[in-house]
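A.B. asks: Structure file data-v2.cif, mmCIF, C-alpha atoms, is pasted below:
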data_start
loop_
_atom_site.group_PDB
_atom_site.id
_atom_site.type_symbol
_atom_site.label_atom_id
_atom_site.label_comp_id
_atom_site.auth_asym_id
_atom_site.auth_seq_id
_atom_site.Cartn_x
_atom_site.Cartn_y
_atom_site.Cartn_z
ATOM 1 C CA MET A 1 -0.698 1.523 -29.907
ATOM 2 C CA PRO A 2 2.575 1.877 -27.992
ATOM 3 C CA HIS A 3 4.855 4.762 -28.885
ATOM 4 C CA ILE A 4 7.846 2.391 -29.191
ATOM 5 C CA PRO A 5 8.038 -1.226 -30.393
ATOM 6 C CA LEU A 6 7.092 -3.541 -27.524
ATOM 7 C CA PRO A 7 6.377 -7.278 -27.450
ATOM 8 C CA ALA A 8 2.621 -7.622 -28.085
ATOM 9 C CA GLN A 9 2.382 -10.660 -25.812
ATOM 10 C CA LEU A 10 3.689 -8.604 -22.856
ATOM 11 C CA PRO A 11 1.238 -5.763 -22.201
ATOM 12 C CA GLY A 12 1.498 -3.062 -19.566
ATOM 13 C CA ILE A 13 4.609 -2.643 -17.496
ATOM 14 C CA THR A 14 5.955 -6.105 -18.336
ATOM 15 C CA GLY A 15 6.771 -5.257 -21.941
ATOM 16 C CA LEU A 16 8.348 -1.964 -20.912
ATOM 17 C CA LEU A 17 10.543 -3.668 -18.331
ATOM 18 C CA GLU A 18 11.596 -6.281 -20.875
ATOM 19 C CA TYR A 19 12.508 -3.484 -23.304
ATOM 20 C CA ARG A 20 15.268 -2.198 -20.974
ATOM 21 C CA LEU A 21 16.431 -4.951 -18.673
ATOM 22 C CA ASP A 22 19.205 -2.770 -17.236
ATOM 23 C CA THR A 23 16.777 -0.129 -15.948
ATOM 24 C CA ALA A 24 14.147 -2.729 -15.089
ATOM 25 C CA GLN A 25 16.364 -4.607 -12.635
ATOM 26 C CA PRO A 26 16.617 -1.917 -9.929
ATOM 27 C CA ILE A 27 12.944 -0.988 -10.359
ATOM 28 C CA ARG A 28 11.905 -4.635 -9.953
ATOM 29 C CA GLU A 29 14.179 -5.036 -6.922
ATOM 30 C CA LEU A 30 12.720 -1.957 -5.236
ATOM 31 C CA THR A 31 9.182 -3.139 -5.970
ATOM 32 C CA GLN A 32 9.963 -6.588 -4.560
ATOM 33 C CA ILE A 33 11.397 -5.065 -1.376
ATOM 34 C CA LEU A 34 8.495 -2.657 -0.866
ATOM 35 C CA LEU A 35 5.582 -4.926 -1.776
ATOM 36 C CA ARG A 36 6.892 -8.373 -0.817
ATOM 37 C CA GLY A 37 9.720 -7.729 1.639
ATOM 38 C CA GLU A 38 9.551 -7.653 5.413
ATOM 39 C CA SER A 39 6.984 -5.198 6.676
ATOM 40 C CA THR A 40 4.477 -4.713 9.437
ATOM 41 C CA LEU A 41 1.978 -3.941 6.659
ATOM 42 C CA SER A 42 0.578 -7.039 5.017
ATOM 43 C CA GLN A 43 1.244 -7.682 1.343
ATOM 44 C CA GLY A 44 -2.447 -7.070 0.715
ATOM 45 C CA GLU A 45 -2.301 -3.696 2.448
ATOM 46 C CA ARG A 46 0.691 -2.669 0.356
ATOM 47 C CA GLU A 47 -1.122 -3.750 -2.821
ATOM 48 C CA LEU A 48 -4.050 -1.557 -1.732
ATOM 49 C CA ILE A 49 -1.718 1.440 -1.739
ATOM 50 C CA ALA A 50 -0.541 0.542 -5.263
ATOM 51 C CA ALA A 51 -4.128 0.060 -6.452
ATOM 52 C CA LEU A 52 -5.310 3.355 -4.932
ATOM 53 C CA VAL A 53 -2.460 5.372 -6.435
ATOM 54 C CA SER A 54 -2.915 3.750 -9.846
ATOM 55 C CA ALA A 55 -6.674 4.398 -9.744
ATOM 56 C CA ARG A 56 -6.137 8.062 -8.866
ATOM 57 C CA ASN A 57 -3.606 8.343 -11.700
ATOM 58 C CA CYS A 58 -6.184 6.741 -14.047
ATOM 59 C CA THR A 59 -3.703 4.061 -15.143
ATOM 60 C CA ASN A 60 -6.056 1.219 -15.964
ATOM 61 C CA PHE A 61 -3.415 -1.494 -16.385
ATOM 62 C CA CYS A 62 -1.784 -0.912 -12.991
ATOM 63 C CA GLU A 63 -5.095 -0.313 -11.233
ATOM 64 C CA ALA A 64 -6.535 -3.597 -12.504
ATOM 65 C CA ALA A 65 -3.374 -5.595 -11.801
ATOM 66 C CA HIS A 66 -2.855 -4.348 -8.247
ATOM 67 C CA SER A 67 -6.541 -4.393 -7.371
ATOM 68 C CA LYS A 68 -6.630 -8.078 -8.365
ATOM 69 C CA ALA A 69 -3.446 -8.791 -6.385
ATOM 70 C CA ALA A 70 -4.979 -7.064 -3.339
ATOM 71 C CA ASP A 71 -8.216 -9.050 -3.801
ATOM 72 C CA LEU A 72 -6.304 -12.324 -3.893
ATOM 73 C CA LEU A 73 -4.098 -11.474 -0.909
ATOM 74 C CA LEU A 74 -6.986 -10.130 1.184
ATOM 75 C CA GLY A 75 -9.308 -12.973 0.216
ATOM 76 C CA ASN A 76 -12.166 -10.803 -1.067
ATOM 77 C CA ASP A 77 -13.213 -8.706 -4.048
ATOM 78 C CA GLU A 78 -14.656 -5.807 -2.051
ATOM 79 C CA THR A 79 -11.834 -4.117 -0.143
ATOM 80 C CA ALA A 80 -9.817 -2.722 -3.058
ATOM 81 C CA HIS A 81 -12.998 -1.471 -4.716
ATOM 82 C CA ALA A 82 -14.144 0.159 -1.471
ATOM 83 C CA VAL A 83 -10.751 1.815 -0.872
ATOM 84 C CA LYS A 84 -10.777 3.311 -4.364
ATOM 85 C CA HIS A 85 -14.356 4.520 -3.912
ATOM 86 C CA ASP A 86 -14.063 6.038 -0.406
ATOM 87 C CA ILE A 87 -11.111 5.454 1.903
ATOM 88 C CA GLU A 88 -13.004 6.550 5.004
ATOM 89 C CA THR A 89 -15.818 4.011 4.617
ATOM 90 C CA ALA A 90 -13.632 1.158 3.344
ATOM 91 C CA PRO A 91 -13.405 -1.985 5.505
ATOM 92 C CA VAL A 92 -9.806 -1.389 6.617
ATOM 93 C CA SER A 93 -8.267 -0.434 9.951
ATOM 94 C CA GLU A 94 -8.029 3.168 11.103
ATOM 95 C CA LYS A 95 -4.272 2.904 10.612
ATOM 96 C CA MET A 96 -4.737 1.840 6.980
ATOM 97 C CA LYS A 97 -7.279 4.619 6.394
ATOM 98 C CA ALA A 98 -4.709 7.143 7.641
ATOM 99 C CA LEU A 99 -1.916 5.610 5.532
ATOM 100 C CA LEU A 100 -4.140 5.467 2.446
ATOM 101 C CA GLN A 101 -4.989 9.140 2.970
ATOM 102 C CA ILE A 102 -1.254 9.888 3.044
ATOM 103 C CA ALA A 103 -0.895 7.936 -0.216
ATOM 104 C CA ALA A 104 -3.771 9.924 -1.747
ATOM 105 C CA LEU A 105 -2.149 13.198 -0.719
ATOM 106 C CA ALA A 106 1.320 12.186 -1.940
ATOM 107 C CA GLN A 107 -0.144 10.985 -5.260
ATOM 108 C CA LYS A 108 -1.431 14.508 -5.946
ATOM 109 C CA ASN A 109 1.696 16.296 -4.715
ATOM 110 C CA GLY A 110 4.258 15.219 -2.166
ATOM 111 C CA LYS A 111 3.981 18.614 -0.498
ATOM 112 C CA ASP A 112 0.300 17.905 0.186
ATOM 113 C CA VAL A 113 1.280 15.417 2.919
ATOM 114 C CA THR A 114 0.688 17.523 6.012
ATOM 115 C CA PRO A 115 1.912 17.166 9.599
ATOM 116 C CA GLY A 116 -1.757 16.569 10.459
ATOM 117 C CA ALA A 117 -2.013 13.616 8.077
ATOM 118 C CA VAL A 118 1.161 12.119 9.549
ATOM 119 C CA ALA A 119 -0.059 12.758 13.114
ATOM 120 C CA ARG A 120 -3.340 10.979 12.301
ATOM 121 C CA ALA A 121 -1.401 7.954 11.065
ATOM 122 C CA ARG A 122 0.810 7.903 14.158
ATOM 123 C CA GLU A 123 -2.217 8.234 16.456
ATOM 124 C CA ALA A 124 -3.755 5.248 14.667
ATOM 125 C CA GLY A 125 -0.610 3.205 15.374
ATOM 126 C CA ALA A 126 1.445 3.683 12.194
ATOM 127 C CA THR A 127 5.185 3.510 12.616
ATOM 128 C CA ASP A 128 7.652 5.877 10.970
ATOM 129 C CA ARG A 129 8.685 3.037 8.648
ATOM 130 C CA GLU A 130 5.063 2.404 7.614
ATOM 131 C CA ILE A 131 4.637 6.113 6.860
ATOM 132 C CA HIS A 132 7.933 6.112 4.934
ATOM 133 C CA ASP A 133 7.031 3.011 2.945
ATOM 134 C CA THR A 134 3.554 4.343 2.136
ATOM 135 C CA VAL A 135 5.055 7.465 0.577
ATOM 136 C CA LEU A 136 7.745 5.467 -1.226
ATOM 137 C CA ILE A 137 5.200 2.971 -2.636
ATOM 138 C CA THR A 138 3.131 5.952 -3.761
ATOM 139 C CA GLY A 139 6.119 7.526 -5.515
ATOM 140 C CA LEU A 140 7.074 4.221 -7.120
ATOM 141 C CA PHE A 141 3.589 3.680 -8.492
ATOM 142 C CA CYS A 142 3.414 7.249 -9.786
ATOM 143 C CA LEU A 143 6.602 6.374 -11.701
ATOM 144 C CA TYR A 144 5.088 3.117 -12.973
ATOM 145 C CA ASN A 145 1.843 4.840 -13.954
ATOM 146 C CA LYS A 146 3.646 7.549 -15.905
ATOM 147 C CA TYR A 147 5.878 4.906 -17.530
ATOM 148 C CA VAL A 148 2.916 2.773 -18.668
ATOM 149 C CA ASP A 149 0.787 5.690 -19.843
ATOM 150 C CA GLY A 150 3.625 7.832 -21.208
ATOM 151 C CA LEU A 151 4.676 5.107 -23.632
ATOM 152 C CA ALA A 152 1.062 4.061 -24.363
ATOM 153 C CA SER A 153 1.636 0.491 -23.244
ATOM 154 C CA VAL A 154 -1.054 -2.008 -24.235
ATOM 155 C CA THR A 155 -3.835 -2.374 -21.643
ATOM 156 C CA PRO A 156 -5.835 -5.602 -21.960
ATOM 157 C CA THR A 157 -9.561 -5.345 -21.285
ATOM 158 C CA ASP A 158 -10.233 -9.020 -20.527
ATOM 159 C CA PRO A 159 -10.696 -9.565 -16.755
ATOM 160 C CA ALA A 160 -9.193 -13.048 -17.162
ATOM 161 C CA TYR A 161 -5.863 -11.439 -18.015
ATOM 162 C CA TYR A 162 -5.815 -9.573 -14.707
ATOM 163 C CA GLN A 163 -6.829 -12.714 -12.812
ATOM 164 C CA MET A 164 -3.778 -14.461 -14.302
ATOM 165 C CA LEU A 165 -1.576 -11.434 -13.632
ATOM 166 C CA GLY A 166 -2.811 -11.106 -10.051
ATOM 167 C CA GLU A 167 -2.033 -14.779 -9.467
ATOM 168 C CA ARG A 168 1.449 -14.295 -10.925
ATOM 169 C CA ILE A 169 2.101 -11.233 -8.766
ATOM 170 C CA THR A 170 0.919 -12.936 -5.595
ATOM 171 C CA SER A 171 2.750 -16.196 -6.238
ATOM 172 C CA ARG A 172 6.111 -15.022 -7.561
ATOM 173 C CA GLY A 173 6.267 -11.354 -6.681
ATOM 174 C CA TYR A 174 8.031 -8.824 -8.856
ATOM 175 C CA VAL A 175 11.227 -10.662 -9.735
ATOM 176 C CA ARG A 176 11.807 -11.455 -13.411
ATOM 177 C CA PRO A 177 11.711 -15.202 -14.021
ATOM 178 C CA PRO A 178 14.842 -16.778 -15.522
ATOM 179 C CA GLY A 179 14.563 -16.402 -19.294
ATOM 180 C CA GLY A 180 11.867 -13.733 -19.096
ATOM 181 C CA TYR A 181 8.120 -13.999 -19.617
ATOM 182 C CA GLN A 182 6.152 -16.271 -21.903
ATOM 183 C CA ILE A 183 2.742 -14.685 -21.207
ATOM 184 C CA GLN A 184 0.089 -14.673 -23.871
ATOM 185 C CA THR A 185 -2.778 -12.179 -23.802
ATOM 186 C CA HIS A 186 -6.368 -13.319 -24.133
#
Output the file's structure in the form of structure tokens.

C.D. replies:
Amino acid sequence: MPHIPLPAQLPGITGLLEYRLDTAQPIRELTQILLRGESTLSQGERELIAALVSARNCTNFCEAAHSKAADLLLGNDETAHAVKHDIETAPVSEKMKALLQIAALAQKNGKDVTPGAVARAREAGATDREIHDTVLITGLFCLYNKYVDGLASVTPTDPAYYQMLGERITSRGYVRPPGGYQIQTH
């Protein structure tokens, strides 16, 4: 049960963002820029970072939502699972393995990101902006994960909910629709 009154039909981060629209707006805008804006990383690759960080933070709502978004964007159900299980054997490029390792380090502690980890990413072809955005996405999802878990937001267990949410994320991004959300849980 959430620690504050939240709309039951809007589980996870959605209800929290609807609770404070003034604070939600800049968070949504940053998320839209980082996960859907111009980037040399694909949208699916950026969702993998969000899914990995959320999995390592044990935030089930965010992990399920961003894993499903990554699955839909990448066109398979295996990559996100493989990344969360073992980055080094996952079916992603060497550049993505290096960036995902940076995300894993930053998720634990920003100071754990070493010059060696950054050098590995650069040697694999990562740009400074890709390294920057990986760390920023990681920080943003640590914020989201703490927000969702710290206020005990509702986490649906029905996989159909996350299918619907993944489709919403991939089709409309992270911008609030005019008039808000009319989502019903299953």

A.B. asks: Let me know the residues the PyMOL selection byres ((chain A and resi 64) around 10) catches in the file above, as a PyMOL selection string.

C.D. replies: chain A and resi 51+54-55+59-63+65-70+155-157+159+161-163+165-166

A.B. asks: Go through A:Asn57, A:Thr40, A:Thr79, A:Thr23 one by one, measure the shortest atom-to-atom distance of each to Thr134 (chain A) using all atoms listed in the file, and give the residue with the smallest value.

C.D. replies: A:Thr40

A.B. asks: Rank A:His3, A:Gln107, A:Gln25, A:Leu99 by their smallest atom-to-atom distance to Pro177 (chain A), using all atoms listed in the file, and report the top residue only.

C.D. replies: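 That would be A:Gln25, the residue with the smallest distance to Pro177 (chain A).
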
A.B. asks: Which is closest to Ser93 (chain A) among A:Gly116, A:Gly125, A:Gly150, A:Gly110, if we use all atoms listed in the file?

C.D. replies: A:Gly125

A.B. asks: In Å, how far is it from CA of Val83 (chain A) to CA of Ile137 (chain A)?

C.D. replies: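 One can read the CA of Val83 (chain A) to CA of Ile137 (chain A) distance as 16.1 Å.
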
A.B. asks: Apply the PyMOL selection byres ((chain A and resi 121) around 9) to the displayed file and report the matching residues as a ChimeraX atom specification.

C.D. replies: /A:94-99,101-102,116-120,122-127,131

A.B. asks: Using only C-alpha atoms, find the one residue out of A:Ala106, A:Val92, A:Ile33, A:Leu17 that sits nearest to Leu48 (chain A).

C.D. replies: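 Checking each of A:Ala106, A:Val92, A:Ile33, A:Leu17 against Leu48 (chain A), counting only C-alpha atoms, the winner is A:Val92.
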
A.B. asks: Using all atoms listed in the file, find the one residue out of A:Ile169, A:Leu143, A:Gly44, A:Ile27 that sits nearest to Gly75 (chain A).

C.D. replies: A:Gly44

A.B. asks: Write out as a list in words each polymer residue whose atoms come within 12 Å of Gly15 (chain A), counting all atoms listed in the file; drop sequence neighbours fewer than 6 positions from it.

C.D. replies: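 Returned residues: Pro2, Ile4, Pro5, Leu6, Pro7, Ala8, Gln9, Leu21, Ala24, Tyr147, Val148, Leu151, Ala152, Ser153, Val154, Thr155, Arg176, Gly180, Tyr181, Gln182, Ile183, Gln184 and Thr185 of chain A.
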
A.B. asks: A:Asp158, A:Cys58, A:Gln43, A:Asp22: which is nearest Phe141 (chain A), counting all atoms listed in the file?

C.D. replies: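 Among A:Asp158, A:Cys58, A:Gln43, A:Asp22, it is A:Cys58 that comes nearest to Phe141 (chain A).
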
A.B. asks: Missing atoms in region 127-160 of chain A: fill them in up to N, CA and C atoms and send the result as a PDB file, in the coordinates of the input.

C.D. replies:
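Once written, part.pdb looks like this:
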ATOM      1  N   THR A 127       3.788   3.255  12.275  1.00  0.00           N
ATOM      2  CA  THR A 127       5.185   3.510  12.616  1.00  0.00           C
ATOM      3  C   THR A 127       5.798   4.462  11.589  1.00  0.00           C
ATOM      4  N   ASP A 128       6.944   5.018  11.929  1.00  0.00           N
ATOM      5  CA  ASP A 128       7.652   5.877  10.970  1.00  0.00           C
ATOM      6  C   ASP A 128       7.978   5.100   9.695  1.00  0.00           C
ATOM      7  N   ARG A 129       8.367   3.833   9.839  1.00  0.00           N
ATOM      8  CA  ARG A 129       8.685   3.037   8.648  1.00  0.00           C
ATOM      9  C   ARG A 129       7.443   2.812   7.787  1.00  0.00           C
ATOM     10  N   GLU A 130       6.284   2.585   8.395  1.00  0.00           N
ATOM     11  CA  GLU A 130       5.063   2.404   7.614  1.00  0.00           C
ATOM     12  C   GLU A 130       4.697   3.692   6.864  1.00  0.00           C
ATOM     13  N   ILE A 131       4.894   4.824   7.511  1.00  0.00           N
ATOM     14  CA  ILE A 131       4.637   6.113   6.860  1.00  0.00           C
ATOM     15  C   ILE A 131       5.623   6.297   5.699  1.00  0.00           C
ATOM     16  N   HIS A 132       6.897   6.028   5.973  1.00  0.00           N
ATOM     17  CA  HIS A 132       7.933   6.112   4.934  1.00  0.00           C
ATOM     18  C   HIS A 132       7.586   5.224   3.752  1.00  0.00           C
ATOM     19  N   ASP A 133       7.281   3.963   4.027  1.00  0.00           N
ATOM     20  CA  ASP A 133       7.031   3.011   2.945  1.00  0.00           C
ATOM     21  C   ASP A 133       5.771   3.356   2.167  1.00  0.00           C
ATOM     22  N   THR A 134       4.768   3.909   2.836  1.00  0.00           N
ATOM     23  CA  THR A 134       3.554   4.343   2.136  1.00  0.00           C
ATOM     24  C   THR A 134       3.888   5.408   1.108  1.00  0.00           C
ATOM     25  N   VAL A 135       4.683   6.394   1.505  1.00  0.00           N
ATOM     26  CA  VAL A 135       5.055   7.465   0.577  1.00  0.00           C
ATOM     27  C   VAL A 135       5.954   6.916  -0.536  1.00  0.00           C
ATOM     28  N   LEU A 136       6.862   6.026  -0.207  1.00  0.00           N
ATOM     29  CA  LEU A 136       7.745   5.467  -1.226  1.00  0.00           C
ATOM     30  C   LEU A 136       6.973   4.589  -2.213  1.00  0.00           C
ATOM     31  N   ILE A 137       6.045   3.768  -1.733  1.00  0.00           N
ATOM     32  CA  ILE A 137       5.200   2.971  -2.636  1.00  0.00           C
ATOM     33  C   ILE A 137       4.403   3.904  -3.541  1.00  0.00           C
ATOM     34  N   THR A 138       3.884   4.978  -2.971  1.00  0.00           N
ATOM     35  CA  THR A 138       3.131   5.952  -3.761  1.00  0.00           C
ATOM     36  C   THR A 138       4.009   6.534  -4.866  1.00  0.00           C
ATOM     37  N   GLY A 139       5.205   6.974  -4.519  1.00  0.00           N
ATOM     38  CA  GLY A 139       6.119   7.526  -5.515  1.00  0.00           C
ATOM     39  C   GLY A 139       6.479   6.512  -6.580  1.00  0.00           C
ATOM     40  N   LEU A 140       6.720   5.270  -6.170  1.00  0.00           N
ATOM     41  CA  LEU A 140       7.074   4.221  -7.120  1.00  0.00           C
ATOM     42  C   LEU A 140       5.934   3.967  -8.099  1.00  0.00           C
ATOM     43  N   PHE A 141       4.704   3.941  -7.590  1.00  0.00           N
ATOM     44  CA  PHE A 141       3.589   3.680  -8.492  1.00  0.00           C
ATOM     45  C   PHE A 141       3.240   4.893  -9.349  1.00  0.00           C
ATOM     46  N   CYS A 142       3.535   6.088  -8.892  1.00  0.00           N
ATOM     47  CA  CYS A 142       3.414   7.249  -9.786  1.00  0.00           C
ATOM     48  C   CYS A 142       4.404   7.100 -10.936  1.00  0.00           C
ATOM     49  N   LEU A 143       5.620   6.641 -10.646  1.00  0.00           N
ATOM     50  CA  LEU A 143       6.602   6.374 -11.701  1.00  0.00           C
ATOM     51  C   LEU A 143       6.069   5.314 -12.655  1.00  0.00           C
ATOM     52  N   TYR A 144       5.612   4.185 -12.125  1.00  0.00           N
ATOM     53  CA  TYR A 144       5.088   3.117 -12.973  1.00  0.00           C
ATOM     54  C   TYR A 144       3.935   3.623 -13.831  1.00  0.00           C
ATOM     55  N   ASN A 145       3.010   4.355 -13.222  1.00  0.00           N
ATOM     56  CA  ASN A 145       1.843   4.840 -13.954  1.00  0.00           C
ATOM     57  C   ASN A 145       2.247   5.753 -15.093  1.00  0.00           C
ATOM     58  N   LYS A 146       3.183   6.652 -14.845  1.00  0.00           N
ATOM     59  CA  LYS A 146       3.646   7.549 -15.905  1.00  0.00           C
ATOM     60  C   LYS A 146       4.401   6.776 -16.992  1.00  0.00           C
ATOM     61  N   TYR A 147       5.135   5.758 -16.599  1.00  0.00           N
ATOM     62  CA  TYR A 147       5.878   4.906 -17.530  1.00  0.00           C
ATOM     63  C   TYR A 147       4.908   4.178 -18.463  1.00  0.00           C
ATOM     64  N   VAL A 148       3.897   3.526 -17.888  1.00  0.00           N
ATOM     65  CA  VAL A 148       2.916   2.773 -18.668  1.00  0.00           C
ATOM     66  C   VAL A 148       2.118   3.696 -19.588  1.00  0.00           C
ATOM     67  N   ASP A 149       1.620   4.794 -19.041  1.00  0.00           N
ATOM     68  CA  ASP A 149       0.787   5.690 -19.843  1.00  0.00           C
ATOM     69  C   ASP A 149       1.613   6.549 -20.802  1.00  0.00           C
ATOM     70  N   GLY A 150       2.799   6.962 -20.370  1.00  0.00           N
ATOM     71  CA  GLY A 150       3.625   7.832 -21.208  1.00  0.00           C
ATOM     72  C   GLY A 150       4.136   7.165 -22.464  1.00  0.00           C
ATOM     73  N   LEU A 151       4.253   5.836 -22.441  1.00  0.00           N
ATOM     74  CA  LEU A 151       4.676   5.107 -23.632  1.00  0.00           C
ATOM     75  C   LEU A 151       3.512   4.347 -24.270  1.00  0.00           C
ATOM     76  N   ALA A 152       2.294   4.636 -23.792  1.00  0.00           N
ATOM     77  CA  ALA A 152       1.062   4.061 -24.363  1.00  0.00           C
ATOM     78  C   ALA A 152       1.119   2.537 -24.417  1.00  0.00           C
ATOM     79  N   SER A 153       1.566   1.944 -23.328  1.00  0.00           N
ATOM     80  CA  SER A 153       1.636   0.491 -23.244  1.00  0.00           C
ATOM     81  C   SER A 153       0.244  -0.113 -23.442  1.00  0.00           C
ATOM     82  N   VAL A 154       0.209  -1.309 -23.985  1.00  0.00           N
ATOM     83  CA  VAL A 154      -1.054  -2.008 -24.235  1.00  0.00           C
ATOM     84  C   VAL A 154      -1.734  -2.336 -22.905  1.00  0.00           C
ATOM     85  N   THR A 155      -3.036  -2.075 -22.842  1.00  0.00           N
ATOM     86  CA  THR A 155      -3.835  -2.374 -21.643  1.00  0.00           C
ATOM     87  C   THR A 155      -4.930  -3.358 -22.031  1.00  0.00           C
ATOM     88  N   PRO A 156      -4.777  -4.636 -21.654  1.00  0.00           N
ATOM     89  CA  PRO A 156      -5.835  -5.602 -21.960  1.00  0.00           C
ATOM     90  C   PRO A 156      -7.146  -5.216 -21.272  1.00  0.00           C
ATOM     91  N   THR A 157      -8.253  -5.618 -21.870  1.00  0.00           N
ATOM     92  CA  THR A 157      -9.561  -5.345 -21.285  1.00  0.00           C
ATOM     93  C   THR A 157     -10.209  -6.600 -20.709  1.00  0.00           C
ATOM     94  N   ASP A 158      -9.663  -7.756 -20.992  1.00  0.00           N
ATOM     95  CA  ASP A 158     -10.233  -9.020 -20.527  1.00  0.00           C
ATOM     96  C   ASP A 158      -9.918  -9.229 -19.044  1.00  0.00           C
ATOM     97  N   PRO A 159     -10.944  -9.334 -18.183  1.00  0.00           N
ATOM     98  CA  PRO A 159     -10.696  -9.565 -16.755  1.00  0.00           C
ATOM     99  C   PRO A 159      -9.879 -10.831 -16.473  1.00  0.00           C
ATOM    100  N   ALA A 160      -9.967 -11.813 -17.359  1.00  0.00           N
ATOM    101  CA  ALA A 160      -9.193 -13.048 -17.162  1.00  0.00           C
ATOM    102  C   ALA A 160      -7.696 -12.774 -17.194  1.00  0.00           C
TER     103      ALA A 160
END
